[in-house]
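Novice: Got a file for you: run08.txt, compact mmCIF, C-alpha atoms.
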# COMPACT_ATOMS: atom_id res chain seq x y z
CA MET A 21 -55.72 24.37 4.14
CA LEU A 22 -53.93 27.11 5.98
CA ASN A 23 -50.92 25.79 7.89
CA ASN A 24 -48.31 28.50 7.60
CA TYR A 25 -48.42 32.25 7.76
CA ASP A 26 -46.98 32.64 4.27
CA GLU A 27 -49.97 30.79 2.81
CA LEU A 28 -52.36 33.64 3.62
CA ASN A 29 -54.01 34.95 0.43
CA ASP A 30 -54.78 38.57 -0.48
CA LEU A 31 -58.35 38.49 0.75
CA GLN A 32 -57.27 37.01 4.09
CA LEU A 33 -54.53 39.63 4.42
CA ASP A 34 -57.12 42.35 3.81
CA VAL A 35 -59.22 40.95 6.61
CA LEU A 36 -56.22 40.89 8.95
CA ARG A 37 -55.44 44.50 8.09
CA GLU A 38 -59.02 45.41 8.90
CA ILE A 39 -58.77 43.60 12.24
CA GLY A 40 -55.61 45.56 12.97
CA ASN A 41 -57.32 48.76 11.90
CA ILE A 42 -60.26 48.27 14.22
CA GLY A 43 -58.23 46.85 17.12
CA ALA A 44 -55.57 49.52 17.01
CA GLY A 45 -58.18 52.18 16.27
CA ASN A 46 -59.87 51.30 19.51
CA ALA A 47 -56.54 51.35 21.33
CA ALA A 48 -55.64 54.73 19.79
CA THR A 49 -58.88 56.19 21.09
CA ALA A 50 -57.96 54.94 24.54
CA LEU A 51 -54.48 56.44 24.24
CA ALA A 52 -55.92 59.79 23.07
CA THR A 53 -58.17 59.84 26.13
CA ILE A 54 -55.24 59.11 28.43
CA LEU A 55 -53.02 61.76 26.86
CA ASP A 56 -55.88 64.17 26.23
CA GLU A 57 -54.43 64.73 22.81
CA LYS A 58 -55.21 63.70 19.24
CA VAL A 59 -53.49 60.43 18.33
CA GLU A 60 -52.86 59.60 14.68
CA ILE A 61 -52.72 56.02 13.63
CA SER A 62 -50.78 54.65 10.67
CA LEU A 63 -52.23 52.28 8.10
CA PRO A 64 -52.00 48.77 9.47
CA LYS A 65 -49.25 46.57 8.10
CA VAL A 66 -49.48 42.82 8.06
CA ARG A 67 -45.93 41.58 8.21
CA ILE A 68 -45.05 38.03 7.32
CA THR A 69 -41.32 37.88 7.73
CA ASP A 70 -38.42 35.71 8.67
CA PHE A 71 -37.22 35.99 12.26
CA ASP A 72 -34.34 38.38 11.63
CA THR A 73 -36.52 40.85 9.76
CA ALA A 74 -39.08 40.72 12.57
CA VAL A 75 -36.40 41.49 15.14
CA ASN A 76 -35.27 44.53 13.17
CA ALA A 77 -38.76 45.63 12.16
CA LEU A 78 -39.11 48.29 14.81
CA GLY A 79 -35.73 49.98 14.54
CA GLY A 80 -32.40 48.37 15.33
CA ALA A 81 -32.19 45.13 17.27
CA GLU A 82 -30.13 46.80 20.00
CA THR A 83 -32.25 49.95 20.43
CA MET A 84 -33.33 50.51 24.02
CA THR A 85 -37.07 49.96 24.01
CA VAL A 86 -39.85 49.84 26.55
CA GLY A 87 -42.19 46.92 25.90
CA VAL A 88 -45.46 45.98 27.54
CA LEU A 89 -46.65 42.48 26.79
CA VAL A 90 -50.20 41.22 27.17
CA ASN A 91 -51.08 37.60 26.45
CA PHE A 92 -54.52 36.58 25.33
CA ASP A 93 -56.14 33.19 25.40
CA GLY A 94 -59.52 31.50 25.61
CA GLU A 95 -61.04 31.06 22.15
CA ALA A 96 -58.16 32.97 20.59
CA HIS A 97 -54.42 32.78 21.38
CA GLY A 98 -51.85 35.47 20.86
CA MET A 99 -49.87 38.37 22.23
CA ILE A 100 -50.08 42.10 22.00
CA MET A 101 -47.01 44.22 22.52
CA PHE A 102 -46.95 47.95 23.04
CA LEU A 103 -43.47 49.18 22.19
CA LEU A 104 -41.92 52.58 22.48
CA LYS A 105 -38.47 54.06 22.51
CA MET A 106 -37.13 55.25 25.83
CA GLU A 107 -37.43 58.94 24.89
CA ASP A 108 -41.07 58.47 23.92
CA ALA A 109 -41.81 56.67 27.16
CA LYS A 110 -40.29 59.58 29.05
CA GLY A 111 -42.26 62.01 26.89
CA ILE A 112 -45.57 60.33 27.64
CA MET A 113 -44.75 60.26 31.32
CA SER A 114 -43.92 63.94 31.40
CA ILE A 115 -47.45 64.62 30.16
CA LEU A 116 -49.10 62.33 32.68
CA ILE A 117 -47.05 62.58 35.83
CA GLN A 118 -45.73 65.84 37.16
CA ASP A 119 -43.08 64.29 39.32
CA ASP A 120 -39.51 65.03 38.34
CA GLU A 121 -38.23 62.06 40.17
CA GLU A 122 -36.10 59.85 38.03
CA GLY A 123 -35.11 56.30 38.73
CA GLN A 124 -31.48 55.26 38.88
CA ASP A 125 -29.19 56.31 36.02
CA GLY A 126 -31.84 58.46 34.36
CA GLN A 127 -34.17 55.51 33.97
CA LEU A 128 -37.89 55.65 34.61
CA SER A 129 -39.02 55.75 38.22
CA ASP A 130 -41.11 52.86 39.54
CA LEU A 131 -44.21 55.02 39.46
CA LYS A 132 -43.64 55.87 35.81
CA LEU A 133 -42.90 52.26 34.94
CA SER A 134 -46.13 51.12 36.43
CA ALA A 135 -47.99 53.90 34.60
CA ILE A 136 -46.53 52.75 31.28
CA LYS A 137 -47.47 49.20 32.14
CA GLU A 138 -51.03 50.30 32.79
CA ILE A 139 -51.18 52.15 29.47
CA GLY A 140 -50.01 48.99 27.71
CA ASN A 141 -52.69 47.10 29.59
CA ILE A 142 -55.44 49.48 28.52
CA LEU A 143 -54.32 49.50 24.90
CA GLY A 144 -54.00 45.71 24.73
CA SER A 145 -57.39 45.22 26.31
CA SER A 146 -59.04 47.74 23.96
CA TYR A 147 -57.53 45.97 20.99
CA ILE A 148 -58.72 42.56 22.14
CA ASN A 149 -62.14 43.85 23.12
CA SER A 150 -62.75 45.01 19.60
CA ILE A 151 -61.75 41.61 18.19
CA SER A 152 -63.99 39.94 20.70
CA GLN A 153 -66.94 42.15 19.77
CA MET A 154 -66.39 41.67 16.05
CA THR A 155 -66.20 37.91 16.24
CA GLY A 156 -68.20 36.95 19.32
CA LEU A 157 -65.20 35.00 20.61
CA THR A 158 -64.53 34.81 24.33
CA ILE A 159 -60.98 36.05 24.86
CA HIS A 160 -59.16 36.46 28.17
CA VAL A 161 -56.42 39.02 28.56
CA SER A 162 -53.49 38.47 30.98
CA ILE A 163 -52.10 41.04 33.33
CA PRO A 164 -49.48 43.26 31.62
CA TYR A 165 -45.73 42.56 31.83
CA ILE A 166 -43.11 45.20 31.26
CA ALA A 167 -39.45 45.08 30.24
CA ILE A 168 -36.93 47.68 29.12
CA ASP A 169 -34.25 46.25 26.92
CA MET A 170 -32.96 45.77 23.39
CA ALA A 171 -35.85 45.77 20.88
CA GLY A 172 -34.60 42.49 19.44
CA ALA A 173 -34.49 40.74 22.80
CA LEU A 174 -38.07 41.84 23.52
CA MET A 175 -39.26 40.73 20.09
CA SER A 176 -37.64 37.34 20.60
CA VAL A 177 -40.39 36.49 23.09
CA PRO A 178 -43.30 36.42 20.59
CA ILE A 179 -41.00 35.09 17.88
CA ILE A 180 -40.17 32.05 19.99
CA GLU A 181 -43.82 31.60 20.90
CA PHE A 182 -45.20 31.86 17.37
CA GLY A 183 -42.21 30.81 15.29
CA SER A 184 -41.90 27.24 16.52
CA VAL A 185 -43.43 25.89 13.32
CA GLY A 186 -42.00 27.15 10.05
CA ASP A 187 -39.51 29.92 9.45
CA LYS A 188 -41.83 32.90 9.40
CA VAL A 189 -43.84 34.88 11.87
CA MET A 190 -46.83 37.08 11.22
CA PHE A 191 -47.75 40.22 13.05
CA ILE A 192 -50.04 43.16 12.50
CA GLU A 193 -48.33 46.44 13.20
CA GLU A 194 -49.52 50.00 13.64
CA CYS A 195 -47.76 53.14 14.66
CA PHE A 196 -49.40 55.74 16.91
CA SER A 197 -48.26 59.31 16.86
CA ALA A 198 -49.28 62.18 19.05
CA GLU A 199 -48.40 65.16 16.87
CA GLU A 200 -48.46 67.86 19.48
CA ASN A 201 -45.78 66.26 21.60
CA LYS A 202 -44.02 64.39 18.78
CA LEU A 203 -44.46 61.04 20.47
CA SER A 204 -44.63 57.77 18.65
CA SER A 205 -45.17 54.18 19.65
CA ASN A 206 -46.09 50.85 18.09
CA ILE A 207 -48.66 48.24 18.84
CA ILE A 208 -48.22 44.80 17.38
CA MET A 209 -50.37 41.71 17.51
CA PHE A 210 -49.20 38.15 17.10
CA ALA A 211 -51.68 35.29 16.88
CA GLU A 212 -51.56 31.56 16.38
CA ILE A 213 -52.46 30.40 12.91
CA GLU A 214 -55.44 28.50 14.35
CA THR A 215 -56.67 31.72 15.90
CA LEU A 216 -56.40 33.55 12.60
CA LYS A 217 -58.50 30.82 10.99
CA ILE A 218 -61.17 31.04 13.67
CA ILE A 219 -61.34 34.82 13.48
CA MET A 220 -61.63 34.79 9.71
CA GLU A 221 -64.28 32.09 9.77
CA ARG A 222 -66.29 34.11 12.25
CA LEU A 223 -66.07 37.05 9.87
CA GLY A 224 -67.52 34.92 7.11
CA LEU A 225 -64.40 34.00 5.16
CA GLU A 226 -63.97 30.51 3.82
CA ILE A 227 -60.68 29.06 4.91
CA MET B 29 -10.11 43.67 12.93
CA SER B 30 -11.64 41.22 10.51
CA GLU B 31 -15.09 41.57 9.04
CA LEU B 32 -18.04 40.86 11.31
CA LEU B 33 -20.04 37.81 10.30
CA VAL B 34 -23.61 38.23 11.48
CA VAL B 35 -25.38 35.16 12.81
CA GLY B 36 -29.18 35.48 12.62
CA ILE B 37 -31.85 33.82 14.74
CA SER B 38 -31.98 30.08 14.04
CA ASP B 39 -28.67 30.31 12.27
CA TYR B 40 -25.04 29.42 12.76
CA LYS B 41 -21.80 30.40 11.10
CA PHE B 42 -18.33 28.91 11.36
CA GLY B 43 -14.87 29.35 9.91
CA ARG B 44 -11.16 29.78 10.46
CA ASN B 45 -9.19 32.61 11.95
CA PRO B 46 -9.38 35.51 11.17
CA SER B 47 -13.14 35.67 11.68
CA VAL B 48 -15.31 37.52 14.17
CA PHE B 49 -18.91 36.44 14.58
CA VAL B 50 -21.71 38.43 16.15
CA THR B 51 -25.29 37.69 17.06
CA TYR B 52 -27.47 40.57 18.20
CA ALA B 53 -29.99 40.92 21.01
CA LEU B 54 -30.26 37.41 22.39
CA GLY B 55 -33.30 37.33 24.64
CA SER B 56 -34.46 33.87 25.64
CA CYS B 57 -32.45 32.41 22.78
CA VAL B 58 -28.98 31.01 23.48
CA GLY B 59 -25.71 31.71 21.68
CA ILE B 60 -23.15 28.90 21.62
CA CYS B 61 -19.50 29.51 20.71
CA LEU B 62 -17.53 26.38 19.84
CA TYR B 63 -13.77 26.61 19.47
CA ASP B 64 -10.74 24.51 18.65
CA LYS B 65 -8.03 26.61 20.24
CA GLN B 66 -5.13 24.89 18.52
CA LEU B 67 -6.41 25.43 14.98
CA LYS B 68 -8.37 28.61 15.81
CA VAL B 69 -11.38 27.12 14.09
CA GLY B 70 -14.80 27.82 15.54
CA GLY B 71 -18.40 28.85 15.10
CA LEU B 72 -21.32 30.64 16.68
CA SER B 73 -24.84 29.23 16.83
CA HIS B 74 -28.01 31.12 17.81
CA ILE B 75 -30.70 28.65 18.82
CA MET B 76 -34.30 29.55 19.51
CA LEU B 77 -35.89 26.41 20.96
CA PRO B 78 -34.63 23.47 23.02
CA GLU B 79 -35.65 20.40 21.06
CA SER B 80 -36.58 19.50 17.52
CA THR B 81 -38.34 16.36 18.74
CA MET B 82 -41.24 18.55 19.88
CA PHE B 83 -42.15 18.87 16.22
CA SER B 84 -43.04 16.00 13.94
CA ASN B 85 -42.54 18.00 10.77
CA SER B 86 -39.57 16.58 8.90
CA ASP B 87 -38.49 19.70 7.00
CA ILE B 88 -37.54 21.64 10.12
CA ASN B 89 -34.79 24.22 10.17
CA ARG B 90 -32.15 22.29 12.10
CA MET B 91 -30.38 25.50 13.08
CA LYS B 92 -33.41 26.55 15.14
CA PHE B 93 -33.09 23.86 17.82
CA ALA B 94 -30.35 23.20 20.36
CA ASP B 95 -30.29 19.44 19.80
CA THR B 96 -29.84 19.65 16.03
CA ALA B 97 -27.90 22.91 15.61
CA ILE B 98 -25.03 22.02 17.95
CA VAL B 99 -24.56 18.56 16.46
CA ASP B 100 -24.49 20.01 12.94
CA LEU B 101 -22.08 22.77 13.91
CA VAL B 102 -19.69 20.23 15.43
CA GLN B 103 -19.83 18.23 12.17
CA ASP B 104 -19.03 21.33 10.14
CA LEU B 105 -16.10 22.22 12.41
CA VAL B 106 -14.74 18.69 12.10
CA HIS B 107 -14.95 19.02 8.31
CA LEU B 108 -12.83 22.15 8.64
CA GLY B 109 -10.23 20.07 10.44
CA ALA B 110 -11.14 20.72 14.07
CA ASP B 111 -10.56 17.91 16.51
CA ARG B 112 -13.81 17.07 18.24
CA ARG B 113 -11.94 16.23 21.48
CA ARG B 114 -10.35 19.69 21.58
CA LEU B 115 -13.60 21.61 21.19
CA THR B 116 -14.68 23.88 24.03
CA ALA B 117 -17.89 25.84 24.46
CA LYS B 118 -18.86 29.26 25.77
CA ILE B 119 -22.54 30.06 26.03
CA ALA B 120 -24.69 33.14 26.68
CA GLY B 121 -28.36 34.12 26.70
CA GLY B 122 -31.43 32.25 27.88
CA ALA B 123 -32.88 35.22 29.73
CA GLN B 124 -36.45 35.60 30.89
CA MET B 125 -37.31 38.96 29.39
CA PHE B 126 -40.69 39.45 31.05
CA GLU B 127 -41.60 38.46 34.57
CA ILE B 128 -44.30 36.04 33.65
CA GLN B 129 -46.01 33.88 36.22
CA PRO B 130 -44.75 30.34 36.76
CA GLY B 131 -46.37 27.70 34.62
CA SER B 132 -46.37 29.74 31.46
CA LEU B 133 -44.43 28.24 28.58
CA VAL B 134 -43.08 31.63 27.54
CA GLY B 135 -41.80 32.36 31.02
CA THR B 136 -39.51 29.38 31.19
CA ILE B 137 -38.27 29.05 27.63
CA GLY B 138 -34.92 30.69 28.46
CA ASP B 139 -34.21 28.15 31.20
CA ARG B 140 -35.28 25.28 29.00
CA ASN B 141 -33.03 26.50 26.21
CA ILE B 142 -30.05 26.68 28.58
CA ALA B 143 -30.77 23.23 30.01
CA SER B 144 -31.03 21.71 26.56
CA VAL B 145 -27.81 23.36 25.33
CA LYS B 146 -25.93 22.06 28.39
CA ASN B 147 -27.36 18.62 27.97
CA VAL B 148 -26.42 18.42 24.29
CA LEU B 149 -22.87 19.65 25.00
CA GLN B 150 -22.49 17.15 27.79
CA ASN B 151 -23.59 14.31 25.52
CA LEU B 152 -21.02 15.45 22.97
CA LYS B 153 -18.39 15.66 25.75
CA ILE B 154 -17.69 19.31 24.97
CA PRO B 155 -16.79 21.22 28.16
CA ILE B 156 -18.42 24.58 28.85
CA ILE B 157 -15.54 26.82 29.90
CA ALA B 158 -17.49 30.07 30.28
CA GLU B 159 -21.10 31.16 30.47
CA ASP B 160 -23.25 34.24 30.95
CA CYS B 161 -26.79 32.91 31.07
CA GLY B 162 -30.19 33.51 32.58
CA SER B 163 -31.38 36.62 34.42
CA ASN B 164 -33.69 39.07 32.65
CA TYR B 165 -31.73 41.11 30.12
CA GLY B 166 -30.83 40.93 26.44
CA ARG B 167 -27.31 40.22 25.25
CA THR B 168 -25.29 40.74 22.09
CA VAL B 169 -22.47 38.22 21.67
CA TYR B 170 -19.22 38.62 19.74
CA PHE B 171 -16.88 35.69 19.19
CA ASP B 172 -13.35 36.26 17.92
CA LEU B 173 -11.47 33.27 16.50
CA GLU B 174 -8.11 34.95 17.04
CA THR B 175 -8.45 34.89 20.81
CA GLY B 176 -11.42 32.61 21.43
CA ILE B 177 -12.91 35.37 23.56
CA MET B 178 -16.68 35.67 23.79
CA LYS B 179 -17.67 39.29 24.41
CA VAL B 180 -21.11 39.89 25.91
CA GLN B 181 -22.74 43.32 25.64
CA SER B 182 -25.98 44.45 27.20
CA LEU B 183 -27.72 47.78 27.75
CA SER B 184 -27.70 47.75 31.52
CA ARG B 185 -24.38 46.13 32.41
CA ASN B 186 -20.69 46.40 31.67
CA VAL B 187 -19.22 44.49 28.77
CA ARG B 188 -17.98 41.05 29.80
CA GLU B 189 -15.13 39.30 28.05
CA LEU B 190 -15.17 35.58 28.71
Translate this file's structure into structure tokens.
Specialist:
Amino acid sequence: MLNNYDELNDLQLDVLREIGNIGAGNAATALATILDEKVEISLPKVRITDFDTAVNALGGAETMTVGVLVNFDGEAHGMIMFLLKMEDAKGIMSILIQDDEEGQDGQLSDLKLSAIKEIGNILGSSYINSISQMTGLTIHVSIPYIAIDMAGALMSVPIIEFGSVGDKVMFIEECFSAEENKLSSNIIMFAEIETLKIIMERLGLEI
Amino acid sequence: MSELLVVGISDYKFGRNPSVFVTYALGSCVGICLYDKQLKVGGLSHIMLPESTMFSNSDINRMKFADTAIVDLVQDLVHLGADRRRLTAKIAGGAQMFEIQPGSLVGTIGDRNIASVKNVLQNLKIPIIAEDCGSNYGRTVYFDLETGIMKVQSLSRNVREL
């Protein structure tokens, strides 16, 4: 019986990697369309780590990071976060929006913030759509939420949500890179253990 | 300056002067600095959730929850010689990182963490002499046992020494 993330066996981990591959693959296609540029996607990593490692997983805990959060619920529960460093967020925006207006203190303008939020929304929805299609599950996606802060403080949100039982969290992580403009970003998916079970059962695995 | 002792998430550390504790990037979590000024004995706790009673599992990590972590930290400080009646608290964190609609559990966890920490401290009769809580930004907290000062750093604001 699967009760904790660290009880996942090799076959189950393979299935999760494949889910990440397809979900993030779909999202990468969406991102490539938005940027009108080829987007490379890393091999998916399934991370099952303690909280501190999770906080530091995407660079230092205090690194200024732009995060877009999308919740999903319905027959599956979890969160998708699209995370990118400030410079990469600015880089993406310089491709998409030809306005030189900056927000206060060299931060992103409101227009650019809402554009990033929308990109996170599209990527999260593409990811979830592919899971939904694969499994036949009905999954609802929330509106996107954006924050710019320390990577660790942003990561604490899913860690609190999915780390209430046990001392480990699980997330599937991929890195996107757009070679031409040297941009990189991450998409990560957290899901409840019950959701992982349901998804794997739908894909024909015995749990 | 003495060596930095890093306190992780769901963790606490304590000791005697000279010691400086740090916990990085508190989001909705809360950092609690307890201090016996006379002996310069103290500790820093980084809690993640308000109450252990939400979970029936008996082998919980007591350092994860406000209700268990603070009680245990006080015990450990008393073992080091601190006088429970002299202990004071400074707290920071409990932000709401994303503007999530009301009613969502995630949206209010920061507030619930703060409320639980305050409640536990009140029950233990430990006064809160400084705080930097709530709002929507992450905080790194340093706690120096030489001075008892809690230093709060964030990306968007000036450093605060409390």
Novice: Quick one: residues within 7 Å of segment 39-41 of chain A, only C-alpha atoms counted, chain neighbours fewer than 3 positions away excluded, as a list in words?
Specialist: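 These residues fall inside the cut-off: Val35, Leu36, Ala44, Gly45, Pro64, Ile151 and Ile192 of chain A.
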Novice: List as a ChimeraX atom specification: which residues have an atom within 12 Å of (-20.9, 19.8, 15.1), counting only C-alpha atoms?
Specialist: /B:40-42,60-64,70-73,90-91,94-113,115-117,148-149,152-154
Novice: Once you have the residues from the selection above, write them out as a CSV table (one decimal), in the coordinates of the input, restricted to C-alpha atoms.
Specialist:
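Once everything was written out, this is again.csv:
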chain,number,residue,atom,x,y,z
B,40,TYR,CA,-25.0,29.4,12.8
B,41,LYS,CA,-21.8,30.4,11.1
B,42,PHE,CA,-18.3,28.9,11.4
B,60,ILE,CA,-23.2,28.9,21.6
B,61,CYS,CA,-19.5,29.5,20.7
B,62,LEU,CA,-17.5,26.4,19.8
B,63,TYR,CA,-13.8,26.6,19.5
B,64,ASP,CA,-10.7,24.5,18.6
B,70,GLY,CA,-14.8,27.8,15.5
B,71,GLY,CA,-18.4,28.8,15.1
B,72,LEU,CA,-21.3,30.6,16.7
B,73,SER,CA,-24.8,29.2,16.8
B,90,ARG,CA,-32.2,22.3,12.1
B,91,MET,CA,-30.4,25.5,13.1
B,94,ALA,CA,-30.4,23.2,20.4
B,95,ASP,CA,-30.3,19.4,19.8
B,96,THR,CA,-29.8,19.6,16.0
B,97,ALA,CA,-27.9,22.9,15.6
B,98,ILE,CA,-25.0,22.0,18.0
B,99,VAL,CA,-24.6,18.6,16.5
B,100,ASP,CA,-24.5,20.0,12.9
B,101,LEU,CA,-22.1,22.8,13.9
B,102,VAL,CA,-19.7,20.2,15.4
B,103,GLN,CA,-19.8,18.2,12.2
B,104,ASP,CA,-19.0,21.3,10.1
B,105,LEU,CA,-16.1,22.2,12.4
B,106,VAL,CA,-14.7,18.7,12.1
B,107,HIS,CA,-15.0,19.0,8.3
B,108,LEU,CA,-12.8,22.2,8.6
B,109,GLY,CA,-10.2,20.1,10.4
B,110,ALA,CA,-11.1,20.7,14.1
B,111,ASP,CA,-10.6,17.9,16.5
B,112,ARG,CA,-13.8,17.1,18.2
B,113,ARG,CA,-11.9,16.2,21.5
B,115,LEU,CA,-13.6,21.6,21.2
B,116,THR,CA,-14.7,23.9,24.0
B,117,ALA,CA,-17.9,25.8,24.5
B,148,VAL,CA,-26.4,18.4,24.3
B,149,LEU,CA,-22.9,19.6,25.0
B,152,LEU,CA,-21.0,15.4,23.0
B,153,LYS,CA,-18.4,15.7,25.8
B,154,ILE,CA,-17.7,19.3,25.0
Novice: Mind pulling up the distance from atom CA of Val86 of chain A to atom CA of Ala52 of chain A?
Specialist: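 Computing it gives 19.2 Å between the two atoms.
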Novice: With the cut-off set at 10 Å and counting only C-alpha atoms, tabulate each residue of chain B with an atom at most that distance from an atom of chain A, showing the nearest atom pair and its distance in Å to one decimal, ordered by chain and increasing number, as CSV.
Specialist:
residue,atom,partner,partner_atom,distance
B:Val35,CA,A:Asp72,CA,9.6
B:Gly36,CA,A:Asp72,CA,6.0
B:Ile37,CA,A:Asp72,CA,6.1
B:Ser38,CA,A:Phe71,CA,8.1
B:Asp39,CA,A:Asp72,CA,9.9
B:Tyr52,CA,A:Ala81,CA,6.6
B:Ala53,CA,A:Ala173,CA,4.8
B:Leu54,CA,A:Ala173,CA,5.4
B:Gly55,CA,A:Ala173,CA,4.1
B:Ser56,CA,A:Ser176,CA,6.9
B:Cys57,CA,A:Ser176,CA,7.5
B:Met76,CA,A:Ile180,CA,6.4
B:Leu77,CA,A:Ile180,CA,7.1
B:Ser80,CA,A:Ser184,CA,9.4
B:Met82,CA,A:Ser184,CA,9.3
B:Phe83,CA,A:Val185,CA,7.7
B:Ser84,CA,A:Val185,CA,9.9
B:Asn85,CA,A:Val185,CA,8.3
B:Asp87,CA,A:Gly186,CA,8.8
B:Ile88,CA,A:Gly186,CA,7.1
B:Asn89,CA,A:Asp187,CA,7.4
B:Lys92,CA,A:Ser184,CA,8.6
B:Phe93,CA,A:Ser184,CA,9.5
B:Gly121,CA,A:Ala173,CA,9.8
B:Ala123,CA,A:Ala173,CA,9.0
B:Gln124,CA,A:Val177,CA,8.8
B:Met125,CA,A:Ala167,CA,6.5
B:Phe126,CA,A:Ala167,CA,5.8
B:Glu127,CA,A:Tyr165,CA,6.4
B:Ile128,CA,A:Tyr165,CA,6.9
B:Gln129,CA,A:Tyr165,CA,9.7
B:Leu133,CA,A:Glu181,CA,8.4
B:Val134,CA,A:Glu181,CA,6.7
B:Gly135,CA,A:Val177,CA,9.1
B:Ile137,CA,A:Ile180,CA,8.4
B:Gly138,CA,A:Val177,CA,9.6
B:Asn164,CA,A:Ala167,CA,8.7
B:Tyr165,CA,A:Asp169,CA,6.6
B:Gly166,CA,A:Ala173,CA,5.2
B:Arg167,CA,A:Ala173,CA,7.6
B:Thr168,CA,A:Glu82,CA,8.0
B:Gln181,CA,A:Glu82,CA,9.9
B:Ser182,CA,A:Met170,CA,8.1
B:Leu183,CA,A:Asp169,CA,6.8
B:Ser184,CA,A:Asp169,CA,8.1
Novice: Using all atoms listed in the file, can you tell me which of A:Glu95, A:Asp34, A:Glu107, A:Asp56 comes closest to Glu212 of chain A?
Specialist: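 Of all the options, A:Glu95 lies closest to Glu212 of chain A.
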Novice: What is the distance between atom CA of Gly140 of chain A and atom CA of Phe102 of chain A, in Å to one decimal?
Specialist: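 So the answer is 5.7 Å.
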Novice: When you draw a straight line from atom CA of Thr85 of chain A to atom CA of Ser129 of chain A, how long is it in Å?
Specialist: 15.5 Å
Novice: Determine, counting only C-alpha atoms, every residue of protein, DNA or RNA that lies within 6 Å of (-17.4, 33.5, 19.4) in the file coordinates, then give the result as a list in words.
Specialist: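 I get Phe49, Cys61, Leu72, Tyr170, Phe171, Asp172 and Met178 of chain B for the residues within 6 Å of that point.
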Novice: Kindly indicate which residue among A:Asp30, A:Leu203, A:Arg222, A:Ser197 lies nearest to Val59 of chain A, using all atoms listed in the file for the distances.
Specialist: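 When distances to Val59 of chain A are compared using all atoms listed in the file, the smallest one comes from A:Ser197.
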Novice: Residues near Met113 of chain A, anyone? I mean within 8 Å using all atoms listed in the file, not counting same-chain ones fewer than 2 positions away, as a PyMOL selection string.
Specialist: chain A and resi 109-111+115-117+132+135-136
Novice: Would you mind listing what lies within 7 Å of Glu189 of chain B as a list in words, with only C-alpha atoms counted and same-chain residues fewer than 5 positions away left out?
Specialist: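 Result of the neighbour search: Ile177, Met178, Lys179 and Val180 of chain B.
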Novice: List the neighbours of Ile142 of chain A out to 9 Å using only C-alpha atoms; skip same-chain residues closer than 5 positions along the sequence, and give me the result as a PyMOL selection string.
Specialist: chain A and resi 47+50-51+137+147
Novice: Once 4 Å is added on each side, what are the centre and the three edge lengths, in Å to one decimal, of the axis-aligned box enclosing the listed atoms of segment 164-170 of chain B? Present them as JSON.
Specialist:
{"center_x": -26.5, "center_y": 39.7, "center_z": 26.2, "size_x": 22.5, "size_y": 10.9, "size_z": 20.9}
